[in-house]
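In what follows, a structure is listed as structure tokens, so that the remarks can point back to it.
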Amino acid sequence: MGLFKDAGKAYKPAPEVDLGAHSDEFYLHANVKDISEQSVTPIKPNLSPAERVQEAASCLPPCLDSSFTDSASQFKRWTIRDFFRAYKSGETTPLEVARRFLAAAQETEDPKLHMAFFISYSHEDILRQAEESSRRYHRGTPISMMDGVLVAIKDEIDCMPYPTTGGTRWLHKLRPCIEDASCVKQLRSCGAILVGKTNMHELGAGASGINPHYGATRNPYDINKISGGSSSGSAAAVCAGLCPVALGVDGGGSVRMPAALCGVVGFKPTSGRLSNSGILPLNWTVGMPGILAATVEDALITYAAICDHLPFSQPTFLQPSLNFPLLDSMQSITNIKLAKYGKWFNDSTIDIRNCCDQTLKMLSQHYGWKIVDVTVPEIEEMRLAHYITIGSECTASLAPHLSKLDYAEIGWDARVALSVYGSFSSRDYLNAQRIRNRQMYFHKEIFKRADVIVTPTTGVTAYPLLSDAADTGELDYINGAALVRFSIAGNFLGLPAVTLLVGYDKGGLPIGLQFIGRPWSEATLLHLAFAMQTLCIKSYKRPKVFYDLLKKEQA
């Protein structure tokens with residue numbers, strides 16, 4: 001605190017201080033810089049969720065090719081706008097789509113598949129919402145573009161009428177769900193059909209998505225492989241076509257890792273941009289809601305719906321104004337610099353490294369974006385500091401319940417995690433925050449040289465699901481470390497990040513590339529992801545488990 005170490009200053013008696021317009025009193029400028037983003041539209045404050053969705057819809061290209069086509073499979077992945085158009089034209093109704101969803105969801109529970117996408121869903125509640133939405137379309141009064149669109153919710157987020165289990169057999173008994181989380185309320189106010197609670201890694205304490213209580217969520221590209229976690233069910237449900245978007249929670253890559261492994265978009269905004277109200281407080285300084293979506297456009301529309309002003313407990317006065325990217329612009333944003341730390345970037349499998357390098361070459365050739373070589377120092381220290389932070393906060397949150405808990409009700413991996421978490425001291429936590437501040441400085445300096453940091457999203461693609469792990473919980477810490485390798489900065493430093501499918505490994509499993517941005521640069525990240533999607537979309541392949549809820553597939 002240099003203010004208290006500087007040489008003393010003689011202050012005038014208060015009555016002698018000139019308060020007039022021409023006073024010679026010294027003012028110290030804070031040197032605050034506005035965030036400048038290209039090709040964006042500012043969003044007025046105090047708009048309703050439906051009004052924000054309308055603003056986002058006006059940013060979309062006029063004519064989207066909604067089909068991701070490869071000549072062998074005629075793969076089509078339908079967007080929010082496709083569902084909206086089908087409902088408005090009378091081609092189908094939300095009720096018909098909801099019935100198809102329920103039939104598909106039931107099929108995924110067949111022992112031959114046992115995909116374990118959902119922990120709970122209610123036929124009656126889904127059909128009730130769909131009937132109400134269908135009546136609105138019949139009257140010509142849909143609430144928004146999201147009216148009648150199916151949205152799944154991770155079982156870490158409160159959503160009536162379901163309990164919030166956190167992937168456990170016991171937590172919902174001690175913490176009942178009494179109302180929707182803030183983000184769920186906003187989706188409901190847009191007319192979205194909330195189709196149930198998706199499976200997750202128990203307590204979010206792992207990256208595989210293997211849950212010994214509700215089943216291991218399987219990857220739609222290969223049902224013998226993991227889906228990733230902890231937002232496993234949300235990623236896999238979107239991948240399989242059961243809904244165009246789903247909500248997850250990202251405390252250590254828990255949205256972006258399963259998104260990458262399942263080949264969908266995973267988007268985590270800046271910490272504080274979305275409300276944590278109604279989300280299990282397992283890691284309050286690193287965790288927040290995130291979006292899993294079929295396309296970047298769907299991620300934008302969903303983001304628009306849920307990025308409302310935060311409650312009083314989460315002040316917004318430090319946030320810059322909200323911007324949406326103008327994706328309807330014929331040209332992508334220019335003069336983009338991508339920061340790449342080669343040693344870190346290359347710490348992945350050969351397939352991932354080659355695929356991501358090839359994508360960067362395409363971006364450079366097509367858009368003229370430049371690669372800036374940098375070093376991100378002390379990555380291992382940052383990983384450990386994040387682990388101490390997330391573990392300490394989880395222990396503090398669950399402390400009132402752990403003394404009453406029968407540990408036989410917990411999977412082996414969650415038991416190990418809770419044991420390690422409980423070993424951290426307050427000094428460990430405080431030292432971790434010192435490393436956090438140090439890393440914030442390093443990243444701030446990197447962002448003076450580049451617009452975003454680019455990395456693979458994971459160090460490995462989806463690996464085999466072993467039967468013993470499905471019964472007890474995942475204890476593969478080598479693969480777990482490889483999955484989480486590139487995710488930490490987004491959570492520990494609160495930075496926005498987005499992952500997108502850019503290719504496949506030799507076994508046909510998805511590979512994701514990640515952009516990490518400056519604080520509050522969500523519009524830029526989505527614009528860059530959209531530009532990358534435009535180049536990669538023609539190579540997208542149909543998952544082995546996929547459902548066409550609009551029933552437009554060619555014979």
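Every chain in the structure tokens has a letter given in the order shown (A, B, ...), and although residue numbers restart at 1 in each chain, ligands are simply numbered from 1 in the order shown.
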Legend entry - Selection: 9 Å around stretch 87-92 of chain A, only C-alpha atoms, excl. self and same-chain fewer than 4 positions, as number ranges by chain: A: 82-83, 96-97, 134, 137-138, 140, 142, 148, 550
How about saving the chosen residues, N, CA and C atoms kept, as a compact mmCIF listing (two decimals), in the first residue's frame?
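To be explicit, this is the file written out as selection.txt:
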# COMPACT_ATOMS: atom_id res chain seq x y z
N ASP A 82 -34.57 -23.29 -36.18
CA ASP A 82 -35.29 -24.32 -36.94
C ASP A 82 -36.58 -24.73 -36.23
N PHE A 83 -36.48 -24.96 -34.92
CA PHE A 83 -37.68 -25.33 -34.16
C PHE A 83 -38.70 -24.20 -34.20
N GLU A 96 -45.91 -32.21 -30.32
CA GLU A 96 -45.41 -33.33 -31.10
C GLU A 96 -43.93 -33.57 -30.84
N VAL A 97 -43.16 -32.51 -30.77
CA VAL A 97 -41.72 -32.64 -30.51
C VAL A 97 -41.48 -33.19 -29.11
N SER A 134 -47.83 -24.98 -27.33
CA SER A 134 -48.57 -25.22 -28.58
C SER A 134 -49.78 -24.31 -28.68
N TYR A 137 -48.61 -20.86 -29.84
CA TYR A 137 -48.36 -20.81 -31.28
C TYR A 137 -49.67 -20.83 -32.07
N HIS A 138 -50.63 -21.61 -31.60
CA HIS A 138 -51.93 -21.66 -32.27
C HIS A 138 -52.61 -20.30 -32.27
N GLY A 140 -50.94 -17.59 -32.24
CA GLY A 140 -50.05 -16.63 -32.88
C GLY A 140 -49.34 -15.72 -31.90
N PRO A 142 -46.42 -16.61 -29.64
CA PRO A 142 -45.28 -17.20 -28.94
C PRO A 142 -44.53 -16.12 -28.15
N GLY A 148 -41.24 -23.19 -26.74
CA GLY A 148 -41.38 -24.56 -27.21
C GLY A 148 -40.07 -25.28 -27.47
N LEU A 550 -37.28 -33.18 -35.35
CA LEU A 550 -38.14 -32.52 -36.34
C LEU A 550 -38.55 -33.46 -37.46
Write out as a PDB file with C-alpha atoms, in the first residue's frame each polymer residue whose atoms come within 6 Å of stretch 527-538 of chain A, counting only C-alpha atoms; drop sequence neighbours fewer than 4 positions from it.
ATOM      1  CA  VAL A 296     -22.700 -21.057 -31.676  1.00  0.00           C
ATOM      2  CA  PRO A 325     -21.917 -10.205 -31.608  1.00  0.00           C
ATOM      3  CA  VAL A 502     -12.897 -28.776 -35.060  1.00  0.00           C
TER       4      VAL A 502
END
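The list of residues with at least one atom within 9 Å of A:Gly422, based on only C-alpha atoms and without residues fewer than 6 positions apart in the same chain, reads A:Gly391, A:Ser392, A:Thr395, A:Ala396.
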Suppose we keep N, CA and C atoms; can you now write the selection as a PDB file, in the first residue's frame?
ATOM      1  N   GLY A 391     -11.567 -27.431  -3.817  1.00  0.00           N
ATOM      2  CA  GLY A 391     -11.742 -28.418  -2.755  1.00  0.00           C
ATOM      3  C   GLY A 391     -12.115 -27.791  -1.427  1.00  0.00           C
ATOM      4  N   SER A 392     -11.466 -26.684  -1.086  1.00  0.00           N
ATOM      5  CA  SER A 392     -11.764 -25.999   0.178  1.00  0.00           C
ATOM      6  C   SER A 392     -13.187 -25.465   0.187  1.00  0.00           C
ATOM      7  N   THR A 395     -15.665 -28.352   0.592  1.00  0.00           N
ATOM      8  CA  THR A 395     -15.698 -28.815   1.981  1.00  0.00           C
ATOM      9  C   THR A 395     -16.477 -27.853   2.867  1.00  0.00           C
ATOM     10  N   ALA A 396     -16.249 -26.550   2.690  1.00  0.00           N
ATOM     11  CA  ALA A 396     -16.966 -25.560   3.498  1.00  0.00           C
ATOM     12  C   ALA A 396     -18.462 -25.617   3.232  1.00  0.00           C
TER      13      ALA A 396
END
What are the closest atom pairs, with distances in Å to one decimal, for each residue of stretch 382-494 of chain A lying within 12 Å of stretch 178-202 of chain A, using only C-alpha atoms, rows by chain and rising residue number, as a tab-separated table?
residue	atom	partner	partner_atom	distance
A:Glu409	CA	A:Glu202	CA	11.0
A:Ile410	CA	A:Glu202	CA	8.2
A:Gly411	CA	A:Glu202	CA	7.6
A:Trp412	CA	A:Glu202	CA	10.1
A:Asp413	CA	A:Glu202	CA	8.6
A:Ala414	CA	A:Glu202	CA	6.6
A:Arg415	CA	A:Glu202	CA	10.0
A:Val416	CA	A:Glu202	CA	11.9
A:Ala417	CA	A:Glu202	CA	10.4
A:Leu418	CA	A:Glu202	CA	11.2
A:Ala470	CA	A:His201	CA	11.2
A:Thr472	CA	A:Glu202	CA	11.1
A:Gly473	CA	A:Glu202	CA	8.5
A:Glu474	CA	A:His201	CA	9.2
Generate the output file for the selected residues, N, CA, C and O atoms, as an mmCIF file, in the first residue's frame.
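Now in again_12.cif:
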data_model
loop_
_atom_site.group_PDB
_atom_site.id
_atom_site.type_symbol
_atom_site.label_atom_id
_atom_site.label_comp_id
_atom_site.auth_asym_id
_atom_site.auth_seq_id
_atom_site.Cartn_x
_atom_site.Cartn_y
_atom_site.Cartn_z
ATOM 1 N N GLU A 409 -22.767 -44.277 0.987
ATOM 2 C CA GLU A 409 -23.655 -43.714 -0.027
ATOM 3 C C GLU A 409 -22.906 -42.950 -1.112
ATOM 4 O O GLU A 409 -23.515 -42.434 -2.038
ATOM 5 N N ILE A 410 -21.585 -42.861 -1.001
ATOM 6 C CA ILE A 410 -20.798 -42.074 -1.932
ATOM 7 C C ILE A 410 -19.910 -42.996 -2.757
ATOM 8 O O ILE A 410 -19.376 -43.987 -2.257
ATOM 9 N N GLY A 411 -19.748 -42.667 -4.043
ATOM 10 C CA GLY A 411 -18.843 -43.425 -4.894
ATOM 11 C C GLY A 411 -17.402 -43.306 -4.428
ATOM 12 O O GLY A 411 -17.033 -42.370 -3.721
ATOM 13 N N TRP A 412 -16.578 -44.250 -4.858
ATOM 14 C CA TRP A 412 -15.195 -44.285 -4.389
ATOM 15 C C TRP A 412 -14.438 -43.016 -4.758
ATOM 16 O O TRP A 412 -13.654 -42.492 -3.966
ATOM 17 N N ASP A 413 -14.629 -42.528 -5.974
ATOM 18 C CA ASP A 413 -13.879 -41.350 -6.392
ATOM 19 C C ASP A 413 -14.293 -40.117 -5.596
ATOM 20 O O ASP A 413 -13.451 -39.296 -5.213
ATOM 21 N N ALA A 414 -15.599 -39.988 -5.304
ATOM 22 C CA ALA A 414 -16.054 -38.849 -4.501
ATOM 23 C C ALA A 414 -15.549 -38.953 -3.065
ATOM 24 O O ALA A 414 -15.235 -37.935 -2.434
ATOM 25 N N ARG A 415 -15.444 -40.168 -2.548
ATOM 26 C CA ARG A 415 -14.893 -40.355 -1.199
ATOM 27 C C ARG A 415 -13.443 -39.872 -1.146
ATOM 28 O O ARG A 415 -13.035 -39.175 -0.212
ATOM 29 N N VAL A 416 -12.666 -40.278 -2.143
ATOM 30 C CA VAL A 416 -11.266 -39.857 -2.188
ATOM 31 C C VAL A 416 -11.177 -38.339 -2.298
ATOM 32 O O VAL A 416 -10.389 -37.685 -1.596
ATOM 33 N N ALA A 417 -12.015 -37.760 -3.172
ATOM 34 C CA ALA A 417 -11.987 -36.307 -3.359
ATOM 35 C C ALA A 417 -12.317 -35.579 -2.064
ATOM 36 O O ALA A 417 -11.611 -34.637 -1.670
ATOM 37 N N LEU A 418 -13.378 -35.999 -1.379
ATOM 38 C CA LEU A 418 -13.762 -35.332 -0.138
ATOM 39 C C LEU A 418 -12.676 -35.474 0.932
ATOM 40 O O LEU A 418 -12.449 -34.558 1.727
ATOM 41 N N ALA A 470 -17.749 -47.942 -13.802
ATOM 42 C CA ALA A 470 -19.180 -47.644 -13.841
ATOM 43 C C ALA A 470 -19.856 -48.039 -12.536
ATOM 44 O O ALA A 470 -20.845 -47.422 -12.124
ATOM 45 N N THR A 472 -18.250 -48.207 -9.428
ATOM 46 C CA THR A 472 -17.678 -47.619 -8.208
ATOM 47 C C THR A 472 -17.352 -46.135 -8.334
ATOM 48 O O THR A 472 -17.224 -45.445 -7.327
ATOM 49 N N GLY A 473 -17.200 -45.650 -9.555
ATOM 50 C CA GLY A 473 -16.736 -44.285 -9.765
ATOM 51 C C GLY A 473 -15.353 -44.282 -10.377
ATOM 52 O O GLY A 473 -14.582 -45.237 -10.229
ATOM 53 N N GLU A 474 -15.009 -43.209 -11.068
ATOM 54 C CA GLU A 474 -13.759 -43.120 -11.823
ATOM 55 C C GLU A 474 -12.570 -42.807 -10.921
ATOM 56 O O GLU A 474 -12.618 -41.890 -10.101
#
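Put simply, atom CA of A:Ala305 is 18.1 Å away from atom CA of A:Thr524.
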Legend entry - Test item, helix (DSSP H, G or I) assignment across stretch 379-439 of chain A, answer as a ChimeraX atom specification: /A:379-402,407-409,412-421,426-439
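Summary of the local environment: counting only C-alpha atoms, residues at most 10 Å from A:Thr455, other than itself and those fewer than 3 positions away along its chain, are Leu338, Ala339, Lys340, Tyr341, Gly342, Trp344, Phe345, Asn346, Asp347, Arg353, Cys356, Asp357, Val452, Thr458, Gly459, Arg485, Phe486, Ser487, Thr499, Gly512, Leu513, Gln514, Phe515 and Ile516 of chain A.
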Inset, instruction - Can you pull out every residue within 9 Å of A:Leu261, counting only C-alpha atoms, but drop anything in the same chain fewer than 3 positions away, and send it as a PyMOL selection string? - result: chain A and resi 219+226-228+235+256-258+264+457-458+460-462+501+509-512
Legend entry - DSSP strand (DSSP E or B) residues within stretch 273-382 of chain A, as a ChimeraX atom specification: /A:279,288-293,323-325,337-340,370-373
Legend entry - Selection: 9 Å around A:Leu495, only C-alpha atoms, excl. self and same-chain fewer than 3 positions, as a count of residues only: 14
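Atom CA of A:Val545 is found 26.2 Å from atom CA of A:Tyr162.
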Legend entry - atom CA of A:Arg139 to atom CA of A:Ala304, distance in Å rounded to a single decimal: 25.2 Å
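If you measure from each of A:Leu526, A:Ile388, A:Cys394, A:Val255 to A:Ala56 using only C-alpha atoms, the closest one turns out to be A:Leu526.
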Legend entry - Shell of 12 Å around A:Glu109, only C-alpha atoms, local chain residues under 3 positions omitted, as a count of residues only: 19
